[in-house]
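Asker: Take a look at this one; I'll ask things after.
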Amino acid sequence: MTSSGGVLLSAVSLSAGWIGLWPVRRRLGMWGYHLFAYPVGLLLWPVCAAVLSLFGAAFQPLAPLLGLVVGLFAISWWLGRHGQGASGARVPAWSFLVWGGAVIGVSAAVAAAGITSAAYDSLFHYESWGVWIFETGSFSREVIGLYGAFIPSVHAAGRFFGADWTATPYPVLSLHVAAAVFISVRDWASARIGKRPALAVSLFGVTLMVSTAPYLHHTLYVHSHMISAAYLLLALYAVQQAYLGSEDSGDRLDGASGSAWLLVAGLVSAGFALTRTDGIAYAVVPLATASLLRLERDVPACVHTVLLGAAAVPLAVVYGSAFLTLGRWSSDKLSGNAAAAVLLFLALAGGVSLVAERTPKVGPWLRGNSRALLLVVLVQSLGIAGLVALRPTGFLAAGSNMLGNLFQAGGYGFLWFFALGIMAVSFVWGGQWRDGRWPTYLAYAIGQFFVVAFLVHGVGHPGRLSPADSFARVAFHAVPLVFWYAALVMTALAGTYRARK
Amino acid sequence: MPSKAWRGGVMVSRSVARKHQIVFVSASVAVLALSALLLFDSVFGDAADAFPQPMRATSIAEVAGAGSRARMINPVIASAVRDAAGDGALLEIPEGYQELLAVEPDVFGGKPQPTLDAALISPFLGGRVQVTSYDPVLSAAATRIVQSDPELIVLPRDVSALPVEDDDAVLRVYTDPTRIYVYIMTPQKADEVAR
């Protein structure tokens, strides 16, 4: 076993994403293309493992990986060919060197230094079941029902390339999170306050984020949290780019760029859903945000189908393989019945989001500015109130532990006070700074994340006051969104200052 | 004094403009203060103490060796099997293995958990773990012979293994009379050192 296995894993994953998304590279733009290549490549490993699991043969993933890359290339090509509008600027060769160098450089540095961070879960939830997949070529009830297919499959791939301990994906995805926040803020701010102030605001936002203790910890920690945070952030970034664009003009979907962004949004949403067993519940966050934007922007159903299809296919392959090989598995976390129910709900919600605008009277009303968003918030609030009334002890205990972990015991220091303060400032001052729709939807996404967390923990396990508590760690998934939002608030302030001058 | 003013390209009343000014200044001050406090907390706060410290490790055995839980011995045993006999070896562990090791057990939810656990070793060996009836405790003399073997592979958490040539070997878990040290070897080798 060699430490270069992690570097090989990064190189193959990045190359797979680059090749698969090659036909839509111009549609995604230079940095969009590079940002999504590695996460999409990494997503192919659980899909490979699911395919191999059907045969129960040894873990030899290169042939299925090649097939998946060719399939993704064909879909990208079809989307790129059938879209209209400008194809976008060329992706220069030097950018491959820069981004490839950054990804491989981080991987090589981590592998050479042998630096990592691990706890009980890292070994017994992820590495152990990665070895299992590598050795047996099949999923188990533990993989599907307790820990999620994504991370063990990536660790199996790391072992295939020679790594005895797979540590490289975590810092590489941390790099992606920092880059995604930087690029999304820079592009948004450039259109409003000019390039230099935009650079300053985006650098400041990223510096604030990466200097916090939880961010530094999860950069090296072998667990589901940096992966989940990266996929959630990238899914929302792609949704924003697809429906609104950085300038919030909403004309993206006139061309093929929108479809390309929806393809990657769907794929990384699926990745987000597969990183943990509760991930399929949290996948509601990007999918609901996209569906609400579709209603508001009156986007054709066929375009929205690209997003839902791209999200559904990896989930269908992984859970389809699990149902075929394990039957209706039992589990304390995600049983076969629960998985089927959640997947069915997602499929139904997706279906409703496709036909909602065609419903007489209701459709045109929903299309009005923010009405669908307000309706969802209202229905959810009533639903949560009902659930809390039915199961008061569990939800109150969960809510109390959640607040205790965010503000006191969870290891976040001042971070969530900062988040709360920024939210308060933006809502108090909101009437004056509402510049574009995206800040509203980003705030909704952050709120929706905590609604899902409250439901998951209120129905399941209420947790405990500790940094090691499940929710205390899961809350990290929303941290990049908080800094993205904070940077948008700072951009609005800077814009107001410039206007006053 | 005019009652109107230009703000952001829009003509507004002076009172509205003043209100906007106050909100803008207070919002700016709040965001700057929040950012400064967060940076201060990141640099001087103790939030980092809540998380496990990074370590230098490139293998399962090294990571498990650095861990604080007694049950981290299980992946080290799996690594010992691999190091001693390659990827195809089968591991046998004794009946009553839950009580075998005299190591302070981990406590989860107020309940002590067995240190040696077949279920925790199994995924690390692709399921090639079997519970069998045999005497796993070596004599002091046999332990000394094993420890003096020049080919002994020493791993963290007091786990050692004697290598074998056969890729499909069957290895067993043994311990010394103090039940602290763990030795991985074939039953034939254990018989040999016992004689």
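Within each chain, counting starts at residue 1; across the structure tokens, chains are named A, B, ... in the order shown, with ligands numbered 1 upward in that order.
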Show me, as a tab-separated table, the residues of chain A having an atom within 8 Å of chain B, each with the closest atom pair and its distance in Å, using only C-alpha atoms.
Answerer:
```
residue	atom	partner	partner_atom	distance
A:Ser3	CA	B:Thr58	CA	6.3
A:Ala111	CA	B:Thr58	CA	7.5
A:Ala113	CA	B:Arg56	CA	7.0
A:Gly114	CA	B:Arg56	CA	5.0
A:Ile115	CA	B:Arg56	CA	4.5
A:Thr116	CA	B:Met55	CA	5.5
A:Ser117	CA	B:Pro54	CA	4.4
A:Ala118	CA	B:Val63	CA	7.1
A:Ala119	CA	B:Gly67	CA	6.8
A:Tyr120	CA	B:Arg69	CA	7.6
A:Leu123	CA	B:Ala64	CA	7.5
A:Phe124	CA	B:Leu120	CA	7.1
A:Ser128	CA	B:Phe124	CA	5.0
A:Trp129	CA	B:Pro123	CA	5.8
A:Val131	CA	B:Phe124	CA	5.5
A:Trp132	CA	B:Gly126	CA	4.6
A:Ile133	CA	B:Gly126	CA	7.6
A:Phe134	CA	B:Gly126	CA	7.9
A:Glu135	CA	B:Gly126	CA	5.0
A:Thr136	CA	B:Gly126	CA	5.9
A:Ala163	CA	B:Ser59	CA	7.8
A:Asp164	CA	B:Ser59	CA	4.9
A:Trp165	CA	B:Ser59	CA	4.8
A:Leu208	CA	B:Leu39	CA	6.5
A:Ser211	CA	B:Ser42	CA	6.1
A:Thr212	CA	B:Ser42	CA	5.0
A:Ala213	CA	B:Ala48	CA	5.0
A:Pro214	CA	B:Ala48	CA	7.2
A:His217	CA	B:Phe51	CA	6.8
A:Leu220	CA	B:Pro54	CA	7.3
A:Tyr221	CA	B:Pro54	CA	7.9
A:Gly410	CA	B:Ala50	CA	7.7
A:Gly411	CA	B:Ala47	CA	5.0
A:Tyr412	CA	B:Ala47	CA	6.0
A:Gly413	CA	B:Ala47	CA	5.1
A:Phe414	CA	B:Leu38	CA	5.8
A:Leu415	CA	B:Leu38	CA	6.4
A:Phe418	CA	B:Leu34	CA	5.6
A:Gly421	CA	B:Leu34	CA	7.0
A:Ile422	CA	B:Val31	CA	6.6
A:Val425	CA	B:Ala27	CA	6.0
A:Trp429	CA	B:Val23	CA	6.7
A:Gln432	CA	B:His20	CA	7.9
A:Pro467	CA	B:Ala50	CA	6.2
A:Met490	CA	B:Val31	CA	7.5
A:Leu493	CA	B:Ser28	CA	6.7
A:Thr496	CA	B:Gly8	CA	7.4
A:Ala499	CA	B:Gly8	CA	4.8
A:Arg500	CA	B:Gly8	CA	5.9
```
Asker: Could you give me the residues within range 89-193 of chain B that DSSP places in strand (DSSP E), as a ChimeraX atom specification?
Answerer: /B:90-94,107-108,111-112,129-132,153-155,159-161,170-175,182-185
Asker: Print the selection's residues with N, CA, C and O atoms to a file, as a compact mmCIF listing (two decimals), in the first residue's frame.
Answerer:
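Written out: result24.txt:
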```txt
# COMPACT_ATOMS: atom_id res chain seq x y z
N LEU B 90 -7.80 -15.97 6.25
CA LEU B 90 -8.99 -16.06 7.11
C LEU B 90 -8.53 -15.92 8.57
O LEU B 90 -7.49 -16.47 8.95
N LEU B 91 -9.30 -15.19 9.35
CA LEU B 91 -8.95 -15.02 10.77
C LEU B 91 -9.95 -15.78 11.63
O LEU B 91 -11.16 -15.63 11.47
N GLU B 92 -9.42 -16.56 12.53
CA GLU B 92 -10.28 -17.23 13.51
C GLU B 92 -10.07 -16.58 14.86
O GLU B 92 -8.93 -16.31 15.25
N ILE B 93 -11.17 -16.32 15.55
CA ILE B 93 -11.04 -15.78 16.91
C ILE B 93 -11.79 -16.70 17.88
O ILE B 93 -12.73 -17.39 17.48
N PRO B 94 -11.36 -16.74 19.13
CA PRO B 94 -11.89 -17.76 20.03
C PRO B 94 -13.30 -17.46 20.53
O PRO B 94 -13.70 -16.29 20.62
N VAL B 107 -16.79 2.54 26.87
CA VAL B 107 -18.14 2.60 27.42
C VAL B 107 -18.99 3.48 26.50
O VAL B 107 -18.65 4.63 26.25
N PHE B 108 -20.06 2.89 25.96
CA PHE B 108 -20.99 3.66 25.12
C PHE B 108 -22.36 3.65 25.79
O PHE B 108 -22.87 2.58 26.12
N LYS B 111 -22.67 1.67 28.90
CA LYS B 111 -22.54 0.22 28.85
C LYS B 111 -21.16 -0.16 28.31
O LYS B 111 -20.79 0.29 27.21
N PRO B 112 -20.37 -0.96 29.07
CA PRO B 112 -19.06 -1.37 28.56
C PRO B 112 -19.21 -2.25 27.31
O PRO B 112 -20.07 -3.11 27.26
N VAL B 129 -13.82 -13.66 8.79
CA VAL B 129 -13.60 -13.82 10.23
C VAL B 129 -14.55 -14.92 10.72
O VAL B 129 -15.72 -14.94 10.35
N GLN B 130 -14.02 -15.78 11.55
CA GLN B 130 -14.80 -16.94 12.00
C GLN B 130 -14.55 -17.14 13.49
O GLN B 130 -13.40 -17.04 13.93
N VAL B 131 -15.60 -17.45 14.23
CA VAL B 131 -15.43 -17.73 15.66
C VAL B 131 -15.30 -19.25 15.84
O VAL B 131 -16.12 -20.01 15.35
N THR B 132 -14.23 -19.67 16.52
CA THR B 132 -13.90 -21.10 16.65
C THR B 132 -13.54 -21.40 18.10
O THR B 132 -13.13 -20.50 18.84
N ILE B 153 6.16 -9.19 13.19
CA ILE B 153 5.70 -7.87 12.71
C ILE B 153 5.02 -7.18 13.89
O ILE B 153 4.06 -7.72 14.45
N VAL B 154 5.52 -6.01 14.26
CA VAL B 154 4.97 -5.31 15.42
C VAL B 154 4.12 -4.15 14.95
O VAL B 154 4.56 -3.32 14.15
N LEU B 155 2.91 -4.12 15.44
CA LEU B 155 1.96 -3.05 15.08
C LEU B 155 1.53 -2.29 16.33
O LEU B 155 1.83 -2.74 17.45
N VAL B 159 -0.18 -5.19 19.27
CA VAL B 159 -0.55 -6.28 18.36
C VAL B 159 0.67 -6.67 17.54
O VAL B 159 1.38 -5.80 17.02
N SER B 160 0.94 -7.98 17.46
CA SER B 160 2.06 -8.48 16.66
C SER B 160 1.57 -9.65 15.82
O SER B 160 0.54 -10.27 16.13
N ALA B 161 2.33 -9.95 14.77
CA ALA B 161 1.93 -11.07 13.90
C ALA B 161 3.17 -11.78 13.38
O ALA B 161 4.20 -11.15 13.16
N VAL B 170 -4.90 -19.66 7.33
CA VAL B 170 -5.85 -19.43 8.42
C VAL B 170 -5.03 -18.98 9.63
O VAL B 170 -4.10 -19.67 10.07
N LEU B 171 -5.34 -17.80 10.14
CA LEU B 171 -4.61 -17.26 11.29
C LEU B 171 -5.56 -17.20 12.48
O LEU B 171 -6.78 -17.15 12.32
N ARG B 172 -4.94 -17.19 13.66
CA ARG B 172 -5.76 -17.10 14.87
C ARG B 172 -5.28 -15.98 15.79
O ARG B 172 -4.12 -15.58 15.72
N VAL B 173 -6.18 -15.55 16.65
CA VAL B 173 -5.84 -14.54 17.65
C VAL B 173 -5.38 -15.25 18.93
O VAL B 173 -6.09 -16.13 19.43
N TYR B 174 -4.19 -14.86 19.42
CA TYR B 174 -3.69 -15.37 20.70
C TYR B 174 -3.35 -14.20 21.59
O TYR B 174 -3.16 -13.07 21.12
N THR B 175 -3.22 -14.49 22.87
CA THR B 175 -2.80 -13.45 23.81
C THR B 175 -1.84 -14.05 24.83
O THR B 175 -1.70 -15.27 24.93
N VAL B 182 -1.54 -9.01 21.96
CA VAL B 182 -2.25 -9.87 21.00
C VAL B 182 -1.26 -10.35 19.95
O VAL B 182 -0.46 -9.55 19.42
N TYR B 183 -1.30 -11.64 19.68
CA TYR B 183 -0.42 -12.23 18.66
C TYR B 183 -1.30 -12.90 17.59
O TYR B 183 -2.23 -13.62 17.92
N ILE B 184 -0.95 -12.64 16.35
CA ILE B 184 -1.67 -13.25 15.23
C ILE B 184 -0.72 -14.26 14.58
O ILE B 184 0.37 -13.88 14.13
N MET B 185 -1.12 -15.50 14.56
CA MET B 185 -0.28 -16.53 13.92
C MET B 185 -1.14 -17.73 13.54
O MET B 185 -2.32 -17.81 13.92
```
Asker: May I ask which of the residues A:Gly32, A:Gly145, A:Gly67, A:Gly130 is the closest one to Trp99 in chain A, counting only C-alpha atoms?
Answerer: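 Counting only C-alpha atoms, the residue closest to Trp99 in chain A is A:Gly32.
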Asker: If we count only C-alpha atoms, what is near Ser138 in chain A at a cut-off of 9 Å, once residues fewer than 2 positions away on the same chain are taken out, given as a ChimeraX atom specification?
Answerer: /A:49-50,52-59,132-136,140,325
